[in-house]
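J.: There's a structure below that I have some questions on.
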Amino acid sequence: MVLSAVTVCLVPEASAGPFVFHDDLPGACQQAAALGFDGIEIFAPSGHHVDRTELGALLRLHDLRLAAVGTGAGMIVHGHSLCDPDERARRQASEFVKEIIDFGAEFGAPAIIGSMQGRAGNAQSREAALARLAESLGILADHAGSLDQALLFEPLNRYETDLVRTVAEGMALLSAVGANNLQLLADLFHMNIEEADIGEAIRSAADSIGHVHFVDSNRRAAGFGHMSHGPVARELIAAGFPGYASAEAFPLPDSQAAAEMTIQSFRKFFPR
Ligand code: LER
Ligand code: MN
């Protein structure tokens, strides 16, 4: 069964980012639960920012699960990257991610590597950057595995990275790393830019997809753009996808309306 989730951003530097709820974790939990979401996905400043006792109490109170935790604050706030040519900087990036993996694991949730993949840029060749990224991911997947967790890797569109942009490139990276708990995150916004056929891309990698960012063509809530979610849902359902379709979308026209449109679309495309 496909599960529903909605994002909550707690990173001030990402206050204009594509997250449905911002700042107010108790309020977000209350609204998510009232709309019937199965879980929340948290974008946190670090692995130590959220009070774990308080989060546990909120999740229990609202019967929600923690779907996943983002690591992008490492890049946005600290400039960390898992392909940094400087070994010490790369290790710091890994340490930052490890702390978020530990935080998520306490609640049974995987961490997401998206922007932390970094860019080759002019500092190194794409091949060298991909080799460094693969090495970092191997270390982090082992760490997540030691806590019985998956690790999610997210291809991004061309305006955000020059490393891994498509599901096919993501599959190649997974093969290079060779860790069976490393899975792909399929963000429909990035796929809408990079894939020739989003449904086909999902079918080609269905067994390796562990999480979906459920969103529309314009990065607004699913239902507020022109994406055809039908083929996406068909492929996920046909594959028996057991993970979350998590709304990583702008809070437009506001958080409540974005969350409502998301759950309405979710119920339409993933009926129970
Ligand atoms: C960034 O565009 C994104 O989609 C996030 O999920 C990655 O951290
Ligand atoms: Mn995403």
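In the structure tokens, each chain is lettered A, B, ... as it comes, each chain's residues begin at 1, and ligands are numbered from 1 in order of appearance.
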If you run DSSP on the backbone, which residues of range 84-190 of chain A are strand (DSSP E or B), as a list in words?
T.: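 Answer for range 84-190 of chain A restricted to strand (DSSP E or B) is Ala111, Ile112, Ile113, Leu151, Leu152, Phe153, Leu182, Gln183, Leu184, Leu185, Ala186 and Asp187 of chain A.
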J.: As number ranges by chain, please: the residues near Ser217 in chain A (cut-off 8 Å, only C-alpha atoms, same-chain neighbours under 5 positions excluded).
T.: A: 188-189, 192, 225-227
J.: Let me see the file: selected residues, C-alpha atoms, as a compact mmCIF listing (two decimals), in the first residue's frame.
T.:
# COMPACT_ATOMS: atom_id res chain seq x y z
CA LEU A 188 8.20 13.99 -9.78
CA PHE A 189 9.22 17.66 -10.14
CA ASN A 192 9.18 16.22 -15.12
CA GLY A 225 -0.25 21.83 -12.14
CA HIS A 226 -0.43 19.93 -15.42
CA MET A 227 1.36 16.66 -14.62
J.: Using only C-alpha atoms and all ligand atoms, which of A:Val177, A:Ala221, A:Ile113, A:Leu66 sits nearest ligand 2?
T.: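 Checking each candidate against ligand 2, we get A:Ile113 as the closest.
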J.: Can you pull out every residue with an atom within 7 Å of ligand 1? Use only C-alpha atoms and all ligand atoms and format it as a short mmCIF file (atom, residue, chain, number, x, y, z; two decimals) with N, CA, C and O atoms, in the first residue's frame.
T.:
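Final output, saved to result-v9.cif:
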data_model
loop_
_atom_site.label_atom_id
_atom_site.label_comp_id
_atom_site.auth_asym_id
_atom_site.auth_seq_id
_atom_site.Cartn_x
_atom_site.Cartn_y
_atom_site.Cartn_z
N GLY A 70 15.24 14.85 5.61
CA GLY A 70 16.11 15.44 4.59
C GLY A 70 17.45 15.85 5.17
O GLY A 70 17.56 16.15 6.37
N THR A 71 18.47 15.87 4.33
CA THR A 71 19.81 16.25 4.78
C THR A 71 20.32 17.53 4.10
O THR A 71 21.46 17.95 4.31
N GLY A 72 19.47 18.14 3.27
CA GLY A 72 19.89 19.26 2.43
C GLY A 72 20.41 20.47 3.19
O GLY A 72 21.12 21.31 2.61
N ILE A 112 17.46 11.20 3.43
CA ILE A 112 17.45 11.49 1.99
C ILE A 112 18.73 12.23 1.61
O ILE A 112 19.05 13.26 2.20
N ILE A 113 19.44 11.72 0.61
CA ILE A 113 20.57 12.46 0.04
C ILE A 113 20.10 13.07 -1.28
O ILE A 113 19.92 12.35 -2.27
N GLY A 114 19.87 14.37 -1.27
CA GLY A 114 19.46 15.08 -2.49
C GLY A 114 20.54 16.08 -2.86
O GLY A 114 21.53 15.74 -3.52
N SER A 115 20.39 17.32 -2.34
CA SER A 115 21.40 18.34 -2.68
C SER A 115 22.78 18.03 -2.11
O SER A 115 23.78 18.55 -2.60
N GLU A 154 18.46 10.80 -4.21
CA GLU A 154 17.52 11.53 -5.06
C GLU A 154 18.21 12.19 -6.26
O GLU A 154 18.97 13.15 -6.09
N LEU A 156 18.43 14.86 -9.08
CA LEU A 156 17.91 16.24 -9.12
C LEU A 156 17.95 16.77 -10.55
O LEU A 156 18.70 16.25 -11.37
N GLU A 160 20.07 22.00 -10.52
CA GLU A 160 20.52 21.78 -9.14
C GLU A 160 21.77 20.90 -9.04
O GLU A 160 22.44 20.91 -8.02
N ASP A 187 11.56 12.09 -7.34
CA ASP A 187 10.88 13.38 -7.15
C ASP A 187 10.24 13.76 -8.49
O ASP A 187 10.94 14.00 -9.49
N GLU A 248 6.38 17.20 -1.35
CA GLU A 248 7.42 18.22 -1.26
C GLU A 248 7.03 19.28 -2.30
O GLU A 248 7.36 19.17 -3.48
#
J.: Need the shell around range 103-111 of chain A: protein/DNA/RNA residues with any atom at most 6 Å away, counting only C-alpha atoms. Skip same-chain ones fewer than 2 positions apart. Format as a list in words?
T.: Gly47, Leu66, Ala67, Ala68, Val69, Gly70, Ile100, Ile101, Gln149, Ala150 and Leu151 of chain A
J.: Go ahead and save the residues from that selection, with C-alpha atoms, as a PDB file, in the first residue's frame.
T.:
ATOM      1  CA  GLY A  47      20.405  15.652  13.471  1.00  0.00           C
ATOM      2  CA  LEU A  66       8.113   9.805  10.433  1.00  0.00           C
ATOM      3  CA  ALA A  67       8.355   9.049   6.699  1.00  0.00           C
ATOM      4  CA  ALA A  68      11.863  10.384   6.000  1.00  0.00           C
ATOM      5  CA  VAL A  69      14.353  13.070   7.006  1.00  0.00           C
ATOM      6  CA  GLY A  70      16.109  15.439   4.592  1.00  0.00           C
ATOM      7  CA  ILE A 100      20.621  12.851  10.497  1.00  0.00           C
ATOM      8  CA  ILE A 101      20.609   9.127   9.707  1.00  0.00           C
ATOM      9  CA  GLN A 149      17.599   1.607   7.747  1.00  0.00           C
ATOM     10  CA  ALA A 150      17.514   2.285   4.056  1.00  0.00           C
ATOM     11  CA  LEU A 151      19.270   5.342   2.625  1.00  0.00           C
TER      12      LEU A 151
END
J.: Of the candidates A:Gln31, A:Asn180, A:Gln117, A:Thr7, which shows the shortest atom-to-atom distance to Ala44 in chain A, using only C-alpha atoms?
T.: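 Ranking A:Gln31, A:Asn180, A:Gln117, A:Thr7 by distance to Ala44 in chain A, first place goes to A:Thr7.
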J.: Select from range 53-162 of chain A every residue with an atom at most 8 Å from any atom of range 193-215 of chain A, then for each give the shortest pair of atoms and their distance in Å to one decimal, using only C-alpha atoms, rows by chain and rising number, as CSV.
T.:
residue,atom,partner,partner_atom,distance
A:Leu152,CA,A:Gly210,CA,6.8
A:Asn157,CA,A:Glu194,CA,6.2
A:Arg158,CA,A:Glu194,CA,7.6
J.: Can you write just those residues out, all heavy atoms, as a PDB file, in the first residue's frame?
T.:
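Result file follows (part26.pdb):
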ATOM      1  N   LEU A 152      18.133   6.905   1.143  1.00  0.00           N
ATOM      2  CA  LEU A 152      17.459   7.301  -0.097  1.00  0.00           C
ATOM      3  C   LEU A 152      18.331   8.264  -0.887  1.00  0.00           C
ATOM      4  O   LEU A 152      18.797   9.269  -0.333  1.00  0.00           O
ATOM      5  CB  LEU A 152      16.120   7.974   0.235  1.00  0.00           C
ATOM      6  CG  LEU A 152      15.124   7.112   1.012  1.00  0.00           C
ATOM      7  CD1 LEU A 152      13.966   7.973   1.536  1.00  0.00           C
ATOM      8  CD2 LEU A 152      14.584   5.981   0.128  1.00  0.00           C
ATOM      9  N   ASN A 157      17.202  17.822 -10.798  1.00  0.00           N
ATOM     10  CA  ASN A 157      17.209  18.349 -12.161  1.00  0.00           C
ATOM     11  C   ASN A 157      18.496  19.124 -12.459  1.00  0.00           C
ATOM     12  O   ASN A 157      19.273  19.451 -11.572  1.00  0.00           O
ATOM     13  CB  ASN A 157      15.952  19.201 -12.414  1.00  0.00           C
ATOM     14  CG  ASN A 157      16.020  20.531 -11.708  1.00  0.00           C
ATOM     15  OD1 ASN A 157      16.826  21.389 -12.063  1.00  0.00           O
ATOM     16  ND2 ASN A 157      15.205  20.713 -10.679  1.00  0.00           N
ATOM     17  N   ARG A 158      18.698  19.426 -13.737  1.00  0.00           N
ATOM     18  CA  ARG A 158      19.941  20.025 -14.247  1.00  0.00           C
ATOM     19  C   ARG A 158      20.291  21.374 -13.632  1.00  0.00           C
ATOM     20  O   ARG A 158      21.446  21.787 -13.678  1.00  0.00           O
ATOM     21  CB  ARG A 158      19.841  20.180 -15.768  1.00  0.00           C
ATOM     22  CG  ARG A 158      18.788  21.200 -16.178  1.00  0.00           C
ATOM     23  CD  ARG A 158      18.525  21.152 -17.667  1.00  0.00           C
ATOM     24  NE  ARG A 158      17.904  19.868 -18.033  1.00  0.00           N
ATOM     25  CZ  ARG A 158      17.702  19.481 -19.283  1.00  0.00           C
ATOM     26  NH1 ARG A 158      18.075  20.260 -20.273  1.00  0.00           N
ATOM     27  NH2 ARG A 158      17.131  18.326 -19.542  1.00  0.00           N
TER      28      ARG A 158
END
J.: Please measure the separation of CA of Leu59 in chain A and CA of Ala245 in chain A, giving the value in Å to one decimal.
T.: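 For CA of Leu59 in chain A relative to CA of Ala245 in chain A, the distance reads 18.3 Å.
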J.: Any idea what the distance is between CA of Ala57 in chain A and CA of Ala32 in chain A?
T.: 15.1 Å
J.: What gap, in Å, lies between CA of Gly145 in chain A and CA of Tyr244 in chain A?
T.: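 The value is 19.5 Å.
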J.: Go through A:Glu169, A:Asp216, A:Glu260, A:Glu235 one by one, measure the shortest atom-to-atom distance of each to ligand 2 using only C-alpha atoms and all ligand atoms, and give the residue with the smallest value.
T.: A:Asp216
